[in-house]
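What follows is a short report on a single structure.
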Amino acid sequence: MFLSFEKMPSYSRIWIYQSDRELTDSEVVAITNVLTNFIENWQAHGNSLVSSFEIRHKRFLILAVNEELTKATGCSIDKSVALMKAIEDEFKISLFDRTKVAYFDKEDKITITSLSKLKELVIEQKITSDTIIFDNLVQIKEQLDSQWQNKASNTWLKRYFQNVLS
């Protein structure tokens, strides 16, 4: 059952899929239609999942489920993963590369880099402790609102970032 993203409770479980490139306006519309159709019919063991989605910055596809009503099961999660893989294929994007980090560069443009290049970017001061990083490991909507976009020094990169500096 579709519920607007804003109305999803703060404890809703979320999954964030990061595109390797910015989506065009027409792609956002098309993916919105695909996700709306999916969400309206998403079920776990025959029970509708109260769920939603949002596309942020033309780059992040975010699914949310109110698991207090109905838990997302392995099969229902597998269906969402299969959908994301189909979106990848249709729109020629990558949504599953967890070795890529998104951040706002000095011109406030979202930039994607690989984990292997972080040290170089820190040394060159293209990424600083104040650089806003997207932490796609957040798991509930409340964290999305408060921790998803955060200074590098406050994210999961903190230890890695400190190691790079030493």
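Ordering of the structure tokens sets the chain letters (A, B, ...), residue numbers begin anew at 1 in every chain, and ligands are numbered from 1 in the order given.
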
Query - Contacts of Ile31 (chain A) at 12 Å (only C-alpha atoms; same-chain gap of 2+ positions) as a ChimeraX atom specification - result: /A:23-29,33-39,53-55,58-62,83-84,86-88,90-91,93

Report task. Skip Gln143 (chain A) itself and residues of its chain fewer than 6 positions away, then list as a PyMOL selection string all residues within 10 Å of it, counting only C-alpha atoms. Result -> chain A and resi 10-14+135+137+149

Can you write out the residues you just picked, keeping N, CA, C and O atoms, as a tab-separated table (two decimals), in the first residue's frame?
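Contents of the output file selection09.tsv:
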chain	number	residue	atom	x	y	z
A	10	SER	N	8.97	7.70	11.33
A	10	SER	CA	10.43	7.84	11.46
A	10	SER	C	11.13	6.50	11.63
A	10	SER	O	12.30	6.37	11.29
A	11	TYR	N	10.43	5.49	12.14
A	11	TYR	CA	11.04	4.19	12.37
A	11	TYR	C	10.94	3.27	11.14
A	11	TYR	O	11.36	2.11	11.19
A	12	SER	N	10.43	3.77	10.03
A	12	SER	CA	10.32	2.95	8.82
A	12	SER	C	11.69	2.50	8.35
A	12	SER	O	12.66	3.26	8.38
A	13	ARG	N	11.77	1.27	7.92
A	13	ARG	CA	13.02	0.72	7.39
A	13	ARG	C	13.24	1.28	5.99
A	13	ARG	O	12.29	1.40	5.21
A	14	ILE	N	14.47	1.61	5.68
A	14	ILE	CA	14.76	2.16	4.35
A	14	ILE	C	15.92	1.42	3.69
A	14	ILE	O	16.77	0.81	4.36
A	135	ASP	N	25.75	9.03	3.55
A	135	ASP	CA	25.93	7.76	4.24
A	135	ASP	C	24.76	6.85	3.90
A	135	ASP	O	23.73	6.87	4.57
A	137	LEU	N	24.33	3.87	4.35
A	137	LEU	CA	24.15	2.73	5.26
A	137	LEU	C	23.08	2.99	6.31
A	137	LEU	O	22.78	2.09	7.10
A	149	GLN	N	23.07	12.85	5.20
A	149	GLN	CA	24.01	13.85	4.72
A	149	GLN	C	24.72	14.41	5.93
A	149	GLN	O	24.10	15.04	6.78

Report task. Mind listing the strand (DSSP E) residues of region 28-155 of chain A, per DSSP on the backbone, as a VMD selection string? Result -> chain A and resid 43 to 44 47 to 48 51 to 56 60 to 65 100 to 104 110 to 114 132 to 134 149 to 151

Report task. Find the residue from A:Lys7, A:Lys158, A:Lys141, A:Lys109 that sits nearest to Ala64 (chain A); use only C-alpha atoms when measuring. Result ->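 For Ala64 (chain A), the nearest of the candidates is A:Lys141.
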
Query raised in the report: A:Ser146, A:Thr32, A:Asn66, A:Thr111: which is nearest Gln18 (chain A), counting only C-alpha atoms?
Result: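 Closest to Gln18 (chain A), using only C-alpha atoms: A:Thr111.
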
Query raised in the report: Skipping near chain neighbours, those fewer than 6 positions away, what residues fall within 10 Å of Lys92 (chain A) using only C-alpha atoms, listed as an MDAnalysis selection string?
Result: chainID A and resid 19:21 86

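Counting only C-alpha atoms, Leu115 (chain A) has the following residues at most 10 Å away, ignoring those fewer than 6 positions along the same chain: A:Arg98, A:Thr99, A:Lys100, A:Val101, A:Leu157, A:Tyr160.
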
Given only C-alpha atoms, how would the per-residue table for region 30-105 of chain A near region 120-130 of chain A read, listing every residue at most 10 Å away with its closest atom pair and distance in Å to one decimal, sorted by chain and number, as JSON lines?
{"residue": "A:Tyr103", "atom": "CA", "partner": "A:Ile127", "partner_atom": "CA", "distance": 8.4}
{"residue": "A:Phe104", "atom": "CA", "partner": "A:Ile127", "partner_atom": "CA", "distance": 8.9}
{"residue": "A:Asp105", "atom": "CA", "partner": "A:Lys126", "partner_atom": "CA", "distance": 7.1}

Query raised in the report: How many Å separate CA of Asp78 (chain A) from CA of Trp15 (chain A)?
Result: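 Atom-to-atom, CA of Asp78 (chain A) to CA of Trp15 (chain A), that is 12.3 Å.
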
Query - Selected residue of minimal separation from Ile140 (chain A) among A:Glu67, A:Asp97, A:Glu107, A:Asp89, counting only C-alpha atoms - result: A:Glu67

**Report entry** Minimum-distance residue to Val65 (chain A), chosen among A:Ile112, A:Leu95, A:Val50, A:Leu144 (using only C-alpha atoms)
**Finding:** A:Val50

Report task. Go through region 24-159 of chain A and collect every residue that DSSP, computed from the backbone, puts in alpha helix (DSSP H); the answer should be as a PyMOL selection string. Result -> chain A and resi 25-41+74-91+118-123+141-147+158-159

Query - One-decimal distance in Å that lies between CA of Gly74 (chain A) and CA of Arg56 (chain A) - result: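 We find that CA of Arg56 (chain A) and CA of Gly74 (chain A) lie 25.8 Å from each other.
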